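Novice: Hey, dropping target12.cif in here, mmCIF, C-alpha atoms:
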```
data_query
loop_
_atom_site.group_PDB
_atom_site.id
_atom_site.type_symbol
_atom_site.label_atom_id
_atom_site.label_comp_id
_atom_site.auth_asym_id
_atom_site.auth_seq_id
_atom_site.Cartn_x
_atom_site.Cartn_y
_atom_site.Cartn_z
ATOM 1 C CA MET A 12 24.053 12.677 8.251
ATOM 2 C CA LEU A 13 20.448 12.983 7.116
ATOM 3 C CA ARG A 14 18.698 9.743 6.213
ATOM 4 C CA ILE A 15 15.350 9.318 4.455
ATOM 5 C CA LEU A 16 13.121 6.247 4.801
ATOM 6 C CA SER A 17 9.604 5.852 3.489
ATOM 7 C CA ASP A 18 6.550 3.611 3.452
ATOM 8 C CA LEU A 19 7.278 1.490 6.500
ATOM 9 C CA HIS A 20 3.513 0.878 6.891
ATOM 10 C CA LEU A 21 3.895 -0.104 10.527
ATOM 11 C CA HIS A 22 0.913 -2.066 11.877
ATOM 12 C CA ASP A 23 0.085 -3.428 8.422
ATOM 13 C CA ALA A 24 0.697 -7.170 8.438
ATOM 14 C CA ARG A 25 2.101 -7.014 4.897
ATOM 15 C CA SER A 26 4.977 -4.842 6.109
ATOM 16 C CA GLU A 27 8.237 -6.688 6.627
ATOM 17 C CA VAL A 28 8.739 -4.651 9.813
ATOM 18 C CA ARG A 29 7.254 -6.876 12.499
ATOM 19 C CA ALA A 30 9.022 -5.176 15.427
ATOM 20 C CA LEU A 31 10.545 -1.701 15.682
ATOM 21 C CA ARG A 32 13.860 -3.076 16.959
ATOM 22 C CA GLN A 33 14.447 -4.524 13.470
ATOM 23 C CA LEU A 34 15.078 -0.950 12.289
ATOM 24 C CA GLU A 35 17.816 -0.093 14.793
ATOM 25 C CA PRO A 36 20.771 -0.771 12.440
ATOM 26 C CA LEU A 37 19.342 1.767 9.972
ATOM 27 C CA LEU A 38 19.341 4.459 12.666
ATOM 28 C CA ALA A 39 22.935 4.149 13.862
ATOM 29 C CA GLY A 40 24.942 7.316 13.260
ATOM 30 C CA VAL A 41 21.994 9.256 11.846
ATOM 31 C CA ARG A 42 21.646 12.882 12.993
ATOM 32 C CA THR A 43 18.390 13.677 11.199
ATOM 33 C CA LEU A 44 15.836 11.079 10.140
ATOM 34 C CA VAL A 45 13.063 11.944 7.700
ATOM 35 C CA LEU A 46 10.226 9.407 7.530
ATOM 36 C CA ASN A 47 8.598 10.309 4.229
ATOM 37 C CA GLY A 48 4.978 9.317 4.689
ATOM 38 C CA ASP A 49 3.018 6.121 5.302
ATOM 39 C CA THR A 50 5.095 5.390 8.370
ATOM 40 C CA CYS A 51 2.084 3.740 9.987
ATOM 41 C CA GLU A 52 -1.543 2.838 9.338
ATOM 42 C CA MET A 53 -3.351 5.665 11.112
ATOM 43 C CA ARG A 54 -6.510 5.172 9.043
ATOM 44 C CA ARG A 55 -7.013 1.685 10.434
ATOM 45 C CA GLY A 56 -7.752 2.522 14.043
ATOM 46 C CA LEU A 57 -4.299 2.950 15.577
ATOM 47 C CA SER A 58 -4.625 4.465 19.034
ATOM 48 C CA ARG A 59 -2.888 7.686 19.980
ATOM 49 C CA ALA A 60 -0.745 5.664 22.377
ATOM 50 C CA GLN A 61 0.436 3.347 19.589
ATOM 51 C CA VAL A 62 1.406 6.311 17.411
ATOM 52 C CA GLU A 63 3.284 7.949 20.285
ATOM 53 C CA GLU A 64 5.064 4.677 21.030
ATOM 54 C CA LEU A 65 6.499 4.435 17.529
ATOM 55 C CA LYS A 66 7.382 8.145 17.497
ATOM 56 C CA ASN A 67 9.234 7.771 20.782
ATOM 57 C CA PHE A 68 11.137 4.767 19.443
ATOM 58 C CA PHE A 69 12.701 6.891 16.675
ATOM 59 C CA ARG A 70 13.186 9.975 18.854
ATOM 60 C CA ALA A 71 15.070 7.945 21.455
ATOM 61 C CA ARG A 72 17.627 6.870 18.843
ATOM 62 C CA VAL A 73 17.989 9.860 16.514
ATOM 63 C CA PRO A 74 18.537 13.483 17.627
ATOM 64 C CA GLU A 75 16.090 14.930 15.091
ATOM 65 C CA VAL A 76 13.150 13.064 13.547
ATOM 66 C CA VAL A 77 10.784 14.520 10.953
ATOM 67 C CA PHE A 78 7.505 12.722 10.258
ATOM 68 C CA VAL A 79 6.230 13.767 6.820
ATOM 69 C CA THR A 80 2.566 12.999 6.252
ATOM 70 C CA GLY A 81 1.358 10.433 3.727
ATOM 71 C CA ASN A 82 -2.012 9.169 2.595
ATOM 72 C CA HIS A 83 -1.963 6.420 5.247
ATOM 73 C CA ASP A 84 -0.873 8.715 8.114
ATOM 74 C CA PRO A 85 -2.390 12.114 7.276
ATOM 75 C CA ASP A 86 -2.292 13.342 10.870
ATOM 76 C CA ILE A 87 1.077 12.055 12.043
ATOM 77 C CA SER A 88 2.427 15.636 11.995
ATOM 78 C CA ASP A 89 1.965 19.032 10.388
ATOM 79 C CA ALA A 90 4.904 18.481 7.997
ATOM 80 C CA HIS A 91 3.818 17.687 4.444
ATOM 81 C CA GLU A 92 7.291 18.073 2.913
ATOM 82 C CA TYR A 93 10.913 18.595 3.889
ATOM 83 C CA LEU A 94 13.637 20.659 2.259
ATOM 84 C CA ALA A 95 17.238 19.621 2.855
ATOM 85 C CA ALA A 96 20.658 20.863 1.702
ATOM 86 C CA ASP A 97 19.507 24.479 1.417
ATOM 87 C CA GLY A 98 16.508 23.513 -0.687
ATOM 88 C CA ARG A 99 18.467 21.400 -3.147
ATOM 89 C CA VAL A 100 16.751 18.210 -1.927
ATOM 90 C CA TRP A 101 12.957 18.129 -1.760
ATOM 91 C CA VAL A 102 11.350 15.288 0.210
ATOM 92 C CA VAL A 103 7.640 14.704 -0.428
ATOM 93 C CA HIS A 104 5.527 11.581 -0.071
ATOM 94 C CA GLY A 105 4.393 11.625 -3.684
ATOM 95 C CA ASP A 106 0.616 11.333 -3.708
ATOM 96 C CA VAL A 107 0.330 15.042 -4.525
ATOM 97 C CA CYS A 108 2.138 14.366 -7.803
ATOM 98 C CA PHE A 109 -1.117 12.837 -9.093
ATOM 99 C CA ASP A 110 -4.351 14.786 -9.479
ATOM 100 C CA ASP A 111 -6.309 11.796 -8.188
ATOM 101 C CA LEU A 112 -3.691 10.993 -5.522
ATOM 102 C CA THR A 113 -3.800 7.163 -5.772
ATOM 103 C CA PRO A 114 -4.788 6.415 -9.383
ATOM 104 C CA TRP A 115 -4.335 2.635 -9.063
ATOM 105 C CA SER A 116 -6.772 2.325 -6.156
ATOM 106 C CA ARG A 117 -9.923 0.229 -6.490
ATOM 107 C CA HIS A 118 -11.859 3.196 -5.155
ATOM 108 C CA VAL A 119 -10.225 5.895 -7.281
ATOM 109 C CA ALA A 120 -13.707 7.085 -8.339
ATOM 110 C CA GLU A 121 -14.454 7.900 -4.682
ATOM 111 C CA ILE A 122 -11.135 9.768 -4.391
ATOM 112 C CA ARG A 123 -11.934 11.806 -7.500
ATOM 113 C CA ARG A 124 -15.331 12.754 -6.069
ATOM 114 C CA TYR A 125 -13.744 13.965 -2.846
ATOM 115 C CA VAL A 126 -11.131 15.995 -4.724
ATOM 116 C CA ALA A 127 -13.789 17.537 -6.963
ATOM 117 C CA ALA A 128 -15.946 18.380 -3.939
ATOM 118 C CA GLN A 129 -13.055 20.109 -2.213
ATOM 119 C CA LEU A 130 -12.265 22.175 -5.288
ATOM 120 C CA ALA A 131 -15.937 23.044 -5.780
ATOM 121 C CA SER A 132 -16.181 24.250 -2.176
ATOM 122 C CA ASP A 133 -13.487 26.837 -2.850
ATOM 123 C CA PRO A 134 -13.583 28.039 -6.477
ATOM 124 C CA ARG A 135 -10.540 30.235 -5.845
ATOM 125 C CA ALA A 136 -8.358 27.261 -4.916
ATOM 126 C CA ASP A 137 -5.568 26.671 -7.435
ATOM 127 C CA TYR A 138 -4.919 22.917 -7.578
ATOM 128 C CA SER A 139 -1.507 23.500 -9.111
ATOM 129 C CA ARG A 140 -0.324 25.043 -5.825
ATOM 130 C CA LEU A 141 1.345 22.731 -3.362
ATOM 131 C CA ASP A 142 -0.422 24.099 -0.299
ATOM 132 C CA VAL A 143 -3.784 23.412 -1.932
ATOM 133 C CA ARG A 144 -2.735 19.923 -3.035
ATOM 134 C CA PHE A 145 -1.485 19.070 0.455
ATOM 135 C CA ARG A 146 -4.672 20.327 2.078
ATOM 136 C CA ILE A 147 -6.925 18.363 -0.263
ATOM 137 C CA ALA A 148 -4.813 15.214 -0.198
ATOM 138 C CA ARG A 149 -4.820 15.012 3.588
ATOM 139 C CA HIS A 150 -8.543 15.794 3.764
ATOM 140 C CA VAL A 151 -9.272 12.993 1.303
ATOM 141 C CA ALA A 152 -7.096 10.572 3.285
ATOM 142 C CA ARG A 153 -9.098 11.343 6.429
ATOM 143 C CA THR A 154 -12.447 11.171 4.642
ATOM 144 C CA GLU A 155 -12.126 8.002 2.548
ATOM 145 C CA THR A 156 -14.587 5.371 3.686
ATOM 146 C CA ASN A 157 -13.423 2.504 1.489
ATOM 147 C CA VAL A 158 -10.350 1.631 3.560
ATOM 148 C CA PRO A 159 -9.520 -2.099 3.763
ATOM 149 C CA ASP A 160 -9.466 -3.730 7.163
ATOM 150 C CA LEU A 161 -6.142 -4.421 8.812
ATOM 151 C CA VAL A 162 -4.607 -7.351 6.941
ATOM 152 C CA THR A 163 -3.877 -10.421 9.018
ATOM 153 C CA ARG A 164 -1.206 -12.967 8.217
ATOM 154 C CA THR A 165 -3.473 -15.838 7.265
ATOM 155 C CA TRP A 166 -3.281 -17.304 3.765
ATOM 156 C CA LEU A 167 -6.919 -16.407 3.219
ATOM 157 C CA SER A 168 -6.370 -12.747 4.085
ATOM 158 C CA HIS A 169 -3.346 -12.550 1.810
ATOM 159 C CA PHE A 170 -5.334 -14.075 -1.013
ATOM 160 C CA GLY A 171 -8.068 -11.513 -0.402
ATOM 161 C CA TRP A 172 -5.500 -8.699 -0.546
ATOM 162 C CA PHE A 173 -4.046 -10.131 -3.764
ATOM 163 C CA TRP A 174 -7.504 -10.313 -5.342
ATOM 164 C CA ARG A 175 -8.420 -6.743 -4.331
ATOM 165 C CA THR A 176 -5.074 -5.425 -5.592
ATOM 166 C CA PHE A 177 -4.733 -7.172 -8.946
ATOM 167 C CA PHE A 178 -8.315 -7.693 -10.129
ATOM 168 C CA PRO A 179 -9.674 -6.373 -12.313
ATOM 169 C CA PRO A 180 -6.474 -6.165 -14.429
ATOM 170 C CA THR A 181 -7.137 -2.487 -15.102
ATOM 171 C CA GLN A 182 -5.702 -1.831 -11.627
ATOM 172 C CA VAL A 183 -2.417 -3.411 -12.649
ATOM 173 C CA LEU A 184 -2.312 -1.238 -15.761
ATOM 174 C CA ALA A 185 -3.028 1.838 -13.654
ATOM 175 C CA MET A 186 -0.150 0.943 -11.313
ATOM 176 C CA LEU A 187 2.225 0.474 -14.243
ATOM 177 C CA ARG A 188 1.205 3.867 -15.609
ATOM 178 C CA CYS A 189 1.914 5.446 -12.216
ATOM 179 C CA TRP A 190 5.363 3.850 -12.086
ATOM 180 C CA ARG A 191 6.011 5.227 -15.562
ATOM 181 C CA ASP A 192 4.593 8.694 -14.911
ATOM 182 C CA LEU A 193 5.839 9.492 -11.397
ATOM 183 C CA PRO A 194 9.311 10.788 -12.390
ATOM 184 C CA GLN A 195 7.890 13.170 -14.970
ATOM 185 C CA ARG A 196 5.122 14.381 -12.657
ATOM 186 C CA ALA A 197 7.467 14.870 -9.692
ATOM 187 C CA ARG A 198 9.915 16.733 -11.890
ATOM 188 C CA ALA A 199 7.209 19.038 -13.269
ATOM 189 C CA LEU A 200 5.856 19.777 -9.775
ATOM 190 C CA ALA A 201 9.351 20.558 -8.505
ATOM 191 C CA ARG A 202 10.087 22.906 -11.393
ATOM 192 C CA ALA A 203 6.868 24.810 -10.746
ATOM 193 C CA GLN A 204 6.779 24.808 -6.941
ATOM 194 C CA ARG A 205 10.283 23.991 -5.638
ATOM 195 C CA PRO A 206 12.624 25.327 -8.343
ATOM 196 C CA THR A 207 15.781 25.075 -6.207
ATOM 197 C CA ALA A 208 15.405 21.282 -5.933
ATOM 198 C CA GLN A 209 18.114 19.315 -7.692
ATOM 199 C CA VAL A 210 16.852 16.023 -6.236
ATOM 200 C CA VAL A 211 13.262 14.989 -5.448
ATOM 201 C CA VAL A 212 12.775 12.073 -3.040
ATOM 202 C CA THR A 213 9.365 10.394 -3.117
ATOM 203 C CA GLY A 214 7.630 7.278 -1.853
ATOM 204 C CA HIS A 215 3.973 6.279 -2.289
ATOM 205 C CA VAL A 216 4.136 4.071 -5.413
ATOM 206 C CA HIS A 217 6.344 1.346 -3.829
ATOM 207 C CA PHE A 218 8.595 1.177 -6.897
ATOM 208 C CA PRO A 219 12.239 1.855 -5.971
ATOM 209 C CA GLY A 220 14.255 3.661 -8.604
ATOM 210 C CA VAL A 221 16.444 6.595 -9.621
ATOM 211 C CA TRP A 222 15.619 8.660 -12.702
ATOM 212 C CA ARG A 223 18.150 11.179 -14.012
ATOM 213 C CA THR A 224 17.673 13.731 -16.742
ATOM 214 C CA ASN A 225 19.495 16.722 -18.159
ATOM 215 C CA GLY A 226 16.311 18.775 -18.136
ATOM 216 C CA GLY A 227 15.382 18.837 -14.473
ATOM 217 C CA PRO A 228 15.942 17.369 -11.009
ATOM 218 C CA THR A 229 16.842 13.751 -10.415
ATOM 219 C CA VAL A 230 13.844 11.849 -9.043
ATOM 220 C CA ILE A 231 14.260 9.069 -6.471
ATOM 221 C CA ASN A 232 11.580 6.711 -5.236
ATOM 222 C CA THR A 233 12.460 4.810 -2.088
ATOM 223 C CA GLY A 234 10.091 1.893 -2.613
ATOM 224 C CA SER A 235 8.667 0.391 0.565
ATOM 225 C CA PHE A 236 9.070 -2.236 3.253
ATOM 226 C CA PHE A 237 6.721 -4.560 1.338
ATOM 227 C CA ARG A 238 7.636 -7.546 -0.772
ATOM 228 C CA PRO A 239 8.505 -8.227 -3.509
ATOM 229 C CA LEU A 240 10.207 -4.973 -4.559
ATOM 230 C CA GLY A 241 11.456 -3.830 -1.160
ATOM 231 C CA GLY A 242 13.052 -0.465 -0.678
ATOM 232 C CA ASN A 243 16.027 1.866 -0.691
ATOM 233 C CA LEU A 244 17.218 4.545 1.689
ATOM 234 C CA VAL A 245 18.577 7.966 0.840
ATOM 235 C CA ASP A 246 21.459 9.682 2.635
ATOM 236 C CA VAL A 247 22.065 13.407 2.225
ATOM 237 C CA THR A 248 25.275 15.271 3.030
ATOM 238 C CA ASP A 249 26.282 18.819 2.130
ATOM 239 C CA ASP A 250 27.408 17.894 -1.365
ATOM 240 C CA LYS A 251 26.020 14.455 -2.212
ATOM 241 C CA VAL A 252 22.908 12.323 -2.208
ATOM 242 C CA ARG A 253 23.492 8.584 -1.971
ATOM 243 C CA VAL A 254 20.904 5.882 -2.595
ATOM 244 C CA ARG A 255 21.491 2.497 -0.975
ATOM 245 C CA ARG A 256 19.569 -0.745 -0.941
ATOM 246 C CA ILE A 257 17.877 -1.813 2.297
ATOM 247 C CA GLU A 258 18.737 -5.425 3.065
ATOM 248 C CA GLN A 259 17.264 -7.771 5.634
ATOM 249 C CA GLU A 260 19.677 -9.966 7.557
ATOM 250 C CA CYS A 261 18.917 -12.129 10.599
ATOM 251 C CA GLY A 262 15.611 -10.334 11.049
ATOM 252 C CA GLU A 263 17.178 -6.847 10.996
ATOM 253 C CA PHE A 264 17.240 -4.184 8.301
ATOM 254 C CA ARG A 265 20.668 -2.954 7.284
ATOM 255 C CA THR A 266 22.300 -0.594 4.813
ATOM 256 C CA GLY A 267 23.112 -2.446 1.603
ATOM 257 C CA ASN A 268 24.885 -1.750 -1.659
ATOM 258 C CA LEU A 269 25.266 1.716 -3.127
ATOM 259 C CA ILE A 270 22.837 2.151 -6.024
ATOM 260 C CA ALA A 271 23.410 5.767 -7.041
ATOM 261 C CA GLU A 272 25.321 8.876 -6.052
ATOM 262 C CA ILE A 273 24.176 12.335 -7.100
ATOM 263 C CA ALA A 274 26.420 15.383 -6.661
ATOM 264 C CA LEU A 275 24.699 18.532 -5.427
ATOM 265 C CA ARG A 276 25.745 21.754 -7.108
#
```
Give the structure from this file in structure tokens form.
Specialist:
Amino acid sequence: MLRILSDLHLHDARSEVRALRQLEPLLAGVRTLVLNGDTCEMRRGLSRAQVEELKNFFRARVPEVVFVTGNHDPDISDAHEYLAADGRVWVVHGDVCFDDLTPWSRHVAEIRRYVAAQLASDPRADYSRLDVRFRIARHVARTETNVPDLVTRTWLSHFGWFWRTFFPPTQVLAMLRCWRDLPQRARALARAQRPTAQVVVTGHVHFPGVWRTNGGPTVINTGSFFRPLGGNLVDVTDDKVRVRRIEQECGEFRTGNLIAEIALR
């Protein structure tokens, strides 16, 4: 069985994953594990040893582990996407679905400048192409200077995070627009760049959901390991994709109720 998890954000104090052992029940019986971006906070000074430690944890428990890059871990591997079930399932973190990568960010103007500079440096670059989008997105993630410090678990630090995230209110509106627009954008990108995909699995926006349509691939967002929305996992077999809720019980994360089942043609 292939299982997809996303947005663990290990080493961010807001993540509900406080110790790797909490994840062990989600790894039982899994043959291939795809961690779909933002597995850890590489932009906040994680050492190479810390990254290797978490990689080894997963590799010791699952025969095959794929680390897909995200905007918080742009150098965790060279894999920016993953195709499963003979290309019928496309796994991608999701930031490349947006031209400005993280439109709800407080420093989106800085992100737009970096994107524009990258495109200006190579006038032949076609930003509609996935390879170009991946290259620019990961460069921007490495280059951003306005990265918040590692969040501690004090009430004051949480209040500071809340203030930076929700004020001014235009950030909230931008996030709501991203939640609304992601399915359509992911579907359009898949049609243009990965036309065999019947299912697109994304993360990034931390809004778990399943969006079906008659006019294109089903889009799944796995959410995250943050409160309050939490996350889902995705299991892929030869003929089906199943979405299940991730539940926390006695400090461990476990497979919860079935949310959706999509047949692969």
Novice: Counting all atoms listed in the file, which of A:Gly56, A:Gly241, A:Pro179, A:Pro85 gets nearest to Thr154 (chain A)?
Specialist: A:Pro85
Novice: What does the PyMOL selection byres ((chain A and resi 221-233) around 6) select in this file, as a ChimeraX atom specification?
Specialist: /A:194,209-214,219-220,234,242-243
Novice: Is it possible to get the residues within 12 Å of (16.0, 16.6, 1.0) (coordinates as in the file, counting all atoms listed in the file) written as a ChimeraX atom specification?
Specialist: /A:12-16,43-47,77,79,92-104,205,207-213,229-231,245-253,275
Novice: I need the residue nearest Arg25 (chain A) from this list: A:Phe237, A:Gly105, A:Gly262, A:His215. Use only C-alpha atoms for the distance.
Specialist: A:Phe237
Novice: If the PyMOL selection byres ((chain A and resi 26) around 10) were run on this exact file, what residues would it hold? Put them as a VMD selection string.
Specialist: chain A and resid 18 to 25 27 to 29 51 162 235 to 238 241
Novice: For the residues in the current selection, export C-alpha atoms as a compact mmCIF listing (two decimals), in the coordinates of the input.
Specialist:
```txt
# COMPACT_ATOMS: atom_id res chain seq x y z
CA ASP A 18 6.55 3.61 3.45
CA LEU A 19 7.28 1.49 6.50
CA HIS A 20 3.51 0.88 6.89
CA LEU A 21 3.90 -0.10 10.53
CA HIS A 22 0.91 -2.07 11.88
CA ASP A 23 0.08 -3.43 8.42
CA ALA A 24 0.70 -7.17 8.44
CA ARG A 25 2.10 -7.01 4.90
CA GLU A 27 8.24 -6.69 6.63
CA VAL A 28 8.74 -4.65 9.81
CA ARG A 29 7.25 -6.88 12.50
CA CYS A 51 2.08 3.74 9.99
CA VAL A 162 -4.61 -7.35 6.94
CA SER A 235 8.67 0.39 0.56
CA PHE A 236 9.07 -2.24 3.25
CA PHE A 237 6.72 -4.56 1.34
CA ARG A 238 7.64 -7.55 -0.77
CA GLY A 241 11.46 -3.83 -1.16
```
Novice: Just want the 12 Å neighbourhood of Leu130 (chain A), counted on all atoms listed in the file, with same-chain residues fewer than 6 positions away dropped. Output as a list in words.
Specialist: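 Near Leu130 (chain A), the qualifying residues are Asp110, Arg123, Arg124, Ala136, Asp137, Tyr138, Ser139, Val143, Arg144, Arg146, Ile147, Ala148, His150 and Val151 of chain A.
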Novice: Ranking A:Arg196, A:Arg276, A:Arg188, A:His83 by minimum distance to Phe109 (chain A) and counting only C-alpha atoms, which one comes first?
Specialist: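 That would be A:Arg196, the residue with the smallest distance to Phe109 (chain A).
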Novice: Run through the PyMOL selection byres ((chain A and resi 185) around 12) on the given coordinates and return the selected residues as a count of residues only.
Specialist: 25
Novice: One decimal, in Å: what's the spacing between CA of Ser88 (chain A) and CA of Arg255 (chain A)?
Specialist: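 Separation of CA of Ser88 (chain A) and CA of Arg255 (chain A): 26.5 Å.
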Novice: Looking at all atoms listed in the file, which of A:Cys108, A:Leu141, A:Ala60, A:Ile270 is the one that sits closest to Ala199 (chain A)?
Specialist: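 Nearest to Ala199 (chain A): A:Cys108.
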Novice: What does the structure give for the distance between CA of Gln61 (chain A) and CA of Leu244 (chain A), in Å to one decimal?
Specialist: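 Computed distance, CA of Gln61 (chain A) to CA of Leu244 (chain A), equals 24.6 Å.
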Novice: Have a look at CA of Ala197 (chain A) and CA of Ser17 (chain A) and let me know their distance in Å, one decimal.
Specialist: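 So the two atoms, CA of Ala197 (chain A) and CA of Ser17 (chain A), lie 16.1 Å apart.
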